[in-house]
Structures are given as structure tokens and as C-alpha cells.
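A short worksheet on the structure shown next.
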Amino acid sequence: MAGTWELPFGIGETFGHDMPRAVDAFVGGWKVTGMGTYMSGSILRFGKMNYLGGEVTVSDPSPSKWFNTSAFSQIAANTYVIRSNPMQFDNLTGPKYVMLDASLTKSFRITERIRTEMELRAFNALNRLNLGNPNMSVTSSQFGQALYQGTPSAQMGPQTMELGNVSGRQVELGLKIIF
């Protein structure tokens with residue numbers, strides 16, 4: 001979802017339409033923009049492993065234990081096994097993804113021909129840690145752990161590949177002069 005709201009304050013606006021120009025320079029011309037993304041977790045898929053039975057979900061998933069790893073075991077070395085285990089479990093999903101990007105823009109005129117825009121942008125404005133999917137390799141020491149940041153478009157591969165272009169809050173400040 002996304003939206004823009006031009007605040008109704010300043011000369012020619014609903015509130016303060018007749019205010020002095022000096023006051024309008026501070027109060028008028030503000031615009032707030034936001035873009036939010038929410039995605040539920042993707043269904044997790046397992047590779048080669050033995051499913052021992054039992055419940056695979058845990059009541060309160062955490063980065064150190066996203067699912068019940070004791071429900072799985074390694075396939076013995078040098079063993080050929082035709083898959084009889086489920087590749088996925090309908091009730092087992094990865095972490096959800098929540099992101100909010102926002103900006104605050106101030107526009108004002110210096111002269112009739114010269115206009116200025118000042119903008120403050122915040123990416124990941126909530127400073128939320130979005131985890132990538134947990135490690136799905138039963139042979140890994142990190143099996144069942146969601147330890148790294150991720151994005152909804154993360155490709156399959158080692159956990160360290162899921163970092164993508166994600167980080168904590170980033171803020172930009174810009175000034176544009178239009179003439």
C-alpha cells in the first residue's frame with residue numbers, strides 16, 4: 001500500500017490561506033508519503049532428510065528455533081532413498097516481511113521563477129529486522145535457525161546469500177532547487 005498526503009496548511013490551502021509569506025515559509029508546503037509492504041512467510045521446503053513424524057511447528061518460533069528440528073534426521077551416508085517424506089508442511093512458513101518507507105517533503109518558492117524542495121526520506125522507517133527463511137539443510141549446524149536478514153525475493157542458496165539489499169533504517173536528506 002502507498003499514499004501521499006499534502007498537508008492543508010499554507011497560502012492557498014484550507015488552513016492559513018491568508019497567512020503572511022514568512023509564516024507560510026515554515027508552515028505551508030508540507031507533504032507526507034508512505035509505502036508499506038506486508039508479506040506472510042513463504043511455505044518452507046525441505047531437501048534430503050528423514051521425517052520422523054510428529055509436529056513440526058513450535059508455538060513461538062524464534063530465530064534460534066524456527067521449527068521442531070527433532071522431527072527430522074539425516075539420511076545415512078551412501079544411501080539411496082526415494083522420497084517418501086513430505087517436501088513441505090502446509091502449516092510451516094518462514095518469517096513474515098514488514099517494511100515501511102516514508103518521506104517528508106517541504107516545498108517553497110524563493111522567487112516567482114525559483115522553487116525549492118527539501119526532502120527527508122526514511123527507508124525501513126520502523127527499523128524492523130526482517131529475517132530470511134531458516135536454514136533448511138538437516139546436515140547444517142544452523143538447521144532450523146533463521147539467523148540472517150532476508151528479503152521476499154531471496155534466492156535459494158546458503159543463508160548468507162539471503163542478505164540481499166536489506167539493512168536497518170536508512171535516512172536521506174536532499175535539497176533540490178528548480179528554476
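Each chain of the C-alpha cells is named A, B, ... in the order shown, its residues numbered from 1; ligands are numbered from 1 in display order.
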(message) Need to verify the contact set: range 60-64 of chain A, 9 Å, only C-alpha atoms, exclusion of same-chain residues closer than 4 positions in sequence. Can you return it as a list in words?
(response)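 Contacts, in chain order: Pro95, Leu131, Pro134, Gln142, Gly144, Gln145, Ala146, Leu147 and Tyr148 of chain A.
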(message) With only C-alpha atoms as the counted atoms, please give the residues lying no more than 9 Å from range 77-81 of chain A, apart from itself and same-chain residues fewer than 3 positions off, as a list of chain:residue names.
(response) A:Lys48, A:Gln74, A:Ser84
For the selection you just gave me, I'd like the residues written to a file as a tab-separated table (two decimals), in the first residue's frame, keeping C-alpha atoms.
```tsv
chain	number	residue	atom	x	y	z
A	48	LYS	CA	17.04	-34.64	1.61
A	74	GLN	CA	19.91	-37.08	8.30
A	84	SER	CA	8.59	-40.70	0.89
```
(request) Please measure the separation of CA of Asn124 in chain A and CA of Ala2 in chain A, giving the value in Å to one decimal. (result) 14.1 Å
(message) As an exercise, work out the distance from CA of Phe9 in chain A to CA of Phe26 in chain A in Å and give it to one decimal place.
(response) 10.0 Å
(message) Using Å and a single decimal, report how far CA of Ile43 in chain A sits from CA of Gln88 in chain A.
(response)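 Calculated distance between CA of Gln88 in chain A and CA of Ile43 in chain A is 7.0 Å.
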(request) Go through range 23-82 of chain A and collect every residue that DSSP, computed from the backbone, puts in helix (DSSP H, G or I); the answer should be as a list of chain:residue names. (result)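 Listing helix (DSSP H, G or I) positions across range 23-82 of chain A yields A:Val23, A:Asp24, A:Ala25, A:Phe26, A:Val27, A:Thr69, A:Ser70, A:Ala71.
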(message) My list of candidates is A:Met87, A:Leu173, A:Met99, A:Ile178. Which is closest to Met118 in chain A when distances are computed with only C-alpha atoms?
(response)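 Among the listed residues, A:Leu173 lies closest to Met118 in chain A.
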(request) Find the residues around Asn50 in chain A up to 8 Å (only C-alpha atoms counted), leave out those fewer than 6 positions away in its own chain, and share them as a list in words. (result)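 Final neighbour list, sorted by chain and number: Phe72, Ser73, Gln74, Ile75 and Asn85 of chain A.
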Store the residues picked out above in a file with N, CA, C and O atoms, as a short mmCIF file (atom, residue, chain, number, x, y, z; two decimals), in the first residue's frame.
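The result, stored in part_31.cif:
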```cif
data_model
loop_
_atom_site.label_atom_id
_atom_site.label_comp_id
_atom_site.auth_asym_id
_atom_site.auth_seq_id
_atom_site.Cartn_x
_atom_site.Cartn_y
_atom_site.Cartn_z
N PHE A 72 13.20 -34.37 12.45
CA PHE A 72 13.95 -34.71 11.24
C PHE A 72 15.29 -35.33 11.61
O PHE A 72 15.84 -35.07 12.68
N SER A 73 15.82 -36.12 10.69
CA SER A 73 17.17 -36.66 10.87
C SER A 73 17.84 -36.77 9.50
O SER A 73 17.17 -36.70 8.47
N GLN A 74 19.16 -36.94 9.53
CA GLN A 74 19.91 -37.08 8.30
C GLN A 74 19.68 -38.44 7.69
O GLN A 74 19.41 -39.41 8.39
N ILE A 75 19.80 -38.52 6.38
CA ILE A 75 19.78 -39.80 5.68
C ILE A 75 21.18 -40.39 5.80
O ILE A 75 22.17 -39.66 5.66
N ASN A 85 9.07 -38.76 2.29
CA ASN A 85 8.76 -37.70 3.25
C ASN A 85 8.14 -36.51 2.52
O ASN A 85 8.40 -36.29 1.34
#
```
(message) Would you pick out the contacts of Glu55 in chain A at 8 Å or less, using only C-alpha atoms, so that residues sharing its chain but fewer than 3 positions from it are not included, and give the list as a list in words?
(response) Val58, Asn68 and Ala71 of chain A
Residues as selected, all heavy atoms, written as a compact mmCIF listing (two decimals), in the first residue's frame, can you do that?
```
# COMPACT_ATOMS: atom_id res chain seq x y z
N VAL A 58 6.47 -25.03 16.09
CA VAL A 58 6.62 -24.72 17.51
C VAL A 58 5.67 -23.56 17.82
O VAL A 58 5.34 -22.77 16.94
CB VAL A 58 8.08 -24.35 17.87
CG1 VAL A 58 8.99 -25.55 17.74
CG2 VAL A 58 8.60 -23.20 17.04
N ASN A 68 10.48 -27.42 14.83
CA ASN A 68 10.92 -28.56 15.63
C ASN A 68 11.93 -29.40 14.83
O ASN A 68 11.55 -30.25 14.03
CB ASN A 68 9.72 -29.41 16.04
CG ASN A 68 10.10 -30.60 16.87
OD1 ASN A 68 11.23 -30.72 17.34
ND2 ASN A 68 9.15 -31.50 17.05
N ALA A 71 12.10 -33.43 14.70
CA ALA A 71 11.21 -34.23 13.86
C ALA A 71 11.92 -34.72 12.59
O ALA A 71 11.33 -35.42 11.78
CB ALA A 71 9.97 -33.43 13.49
```
(request) Could you give me, as a list in words, the residues within 12 Å of Val171 in chain A, counting only C-alpha atoms and dropping anything in the same chain fewer than 6 positions from it? (result)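 Using only C-alpha atoms, the neighbours found are Asp101, Ala102, Ser103, Leu104, Glu119, Leu120, Arg121, Ala122, Phe123, Asn124, Ala125, Leu126 and Asn127 of chain A.
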Written selection (N, CA and C atoms) as a compact mmCIF listing (two decimals), in the first residue's frame:
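Contents of the output file part_30.txt:
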```
# COMPACT_ATOMS: atom_id res chain seq x y z
N ASP A 101 8.49 2.50 4.16
CA ASP A 101 9.35 3.58 3.68
C ASP A 101 8.51 4.84 3.72
N ALA A 102 9.08 5.94 4.16
CA ALA A 102 8.32 7.18 4.29
C ALA A 102 9.18 8.37 3.91
N SER A 103 8.50 9.46 3.52
CA SER A 103 9.22 10.70 3.23
C SER A 103 8.41 11.90 3.68
N LEU A 104 9.12 12.95 4.02
CA LEU A 104 8.52 14.22 4.40
C LEU A 104 9.16 15.27 3.50
N GLU A 119 13.68 17.38 1.15
CA GLU A 119 13.04 16.09 1.38
C GLU A 119 13.85 15.26 2.38
N LEU A 120 13.13 14.63 3.29
CA LEU A 120 13.70 13.69 4.24
C LEU A 120 13.06 12.34 3.95
N ARG A 121 13.88 11.35 3.59
CA ARG A 121 13.37 10.00 3.28
C ARG A 121 13.91 9.02 4.30
N ALA A 122 13.05 8.11 4.72
CA ALA A 122 13.46 7.04 5.64
C ALA A 122 13.08 5.71 5.01
N PHE A 123 14.07 4.88 4.75
CA PHE A 123 13.85 3.53 4.24
C PHE A 123 13.92 2.60 5.45
N ASN A 124 12.98 1.65 5.54
CA ASN A 124 12.81 0.81 6.72
C ASN A 124 12.63 1.73 7.93
N ALA A 125 11.66 2.63 7.82
CA ALA A 125 11.42 3.66 8.84
C ALA A 125 11.15 3.05 10.22
N LEU A 126 10.58 1.85 10.27
CA LEU A 126 10.30 1.20 11.54
C LEU A 126 11.54 0.53 12.13
N ASN A 127 12.62 0.49 11.35
CA ASN A 127 13.87 -0.16 11.75
C ASN A 127 13.62 -1.61 12.18
```
Write out as an mmCIF file with N, CA and C atoms, in the first residue's frame each polymer residue whose atoms come within 8 Å of Ile114 in chain A, counting only C-alpha atoms; drop sequence neighbours fewer than 3 positions from it.
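Wrote it out as selection-v6.cif, contents follow:
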```
data_model
loop_
_atom_site.group_PDB
_atom_site.id
_atom_site.type_symbol
_atom_site.label_atom_id
_atom_site.label_comp_id
_atom_site.auth_asym_id
_atom_site.auth_seq_id
_atom_site.Cartn_x
_atom_site.Cartn_y
_atom_site.Cartn_z
ATOM 1 N N ARG A 109 8.720 28.572 -2.469
ATOM 2 C CA ARG A 109 9.246 29.426 -3.532
ATOM 3 C C ARG A 109 10.231 30.435 -2.956
ATOM 4 N N ILE A 110 11.343 30.615 -3.673
ATOM 5 C CA ILE A 110 12.301 31.648 -3.308
ATOM 6 C C ILE A 110 11.920 32.936 -4.051
ATOM 7 N N THR A 111 11.669 32.792 -5.356
ATOM 8 C CA THR A 111 11.128 33.880 -6.183
ATOM 9 C C THR A 111 10.023 33.263 -7.025
ATOM 10 N N ILE A 177 16.758 22.585 -6.058
ATOM 11 C CA ILE A 177 16.391 23.928 -6.483
ATOM 12 C C ILE A 177 15.925 23.827 -7.937
ATOM 13 N N ILE A 178 14.709 24.263 -8.192
ATOM 14 C CA ILE A 178 14.104 24.153 -9.522
ATOM 15 C C ILE A 178 13.948 25.562 -10.091
ATOM 16 N N PHE A 179 14.525 25.806 -11.272
ATOM 17 C CA PHE A 179 14.404 27.138 -11.874
ATOM 18 C C PHE A 179 14.205 27.023 -13.362
#
```
(request) Pick out the residues sitting within 12 Å of Glu13 in chain A, and hand them over as number ranges by chain; count only C-alpha atoms, and ignore anything fewer than 4 positions along from it in its own chain. (result) A: 6-9, 17-19, 24, 27-30
(request) Can you list, as JSON, numbers by chain, all residues belonging to chain A that DSSP tags as strand (DSSP E or B)? (result) {"A": [2, 3, 4, 5, 6, 9, 15, 30, 31, 32, 33, 34, 35, 36, 37, 38, 39, 43, 44, 45, 50, 51, 62, 65, 72, 73, 88, 89, 90, 91, 92, 93, 97, 98, 99, 100, 101, 102, 103, 104, 105, 106, 107, 108, 109, 115, 116, 117, 118, 119, 120, 121, 122, 123, 131, 135, 143, 149, 170, 171, 172, 173, 174, 175, 176, 177, 178]}
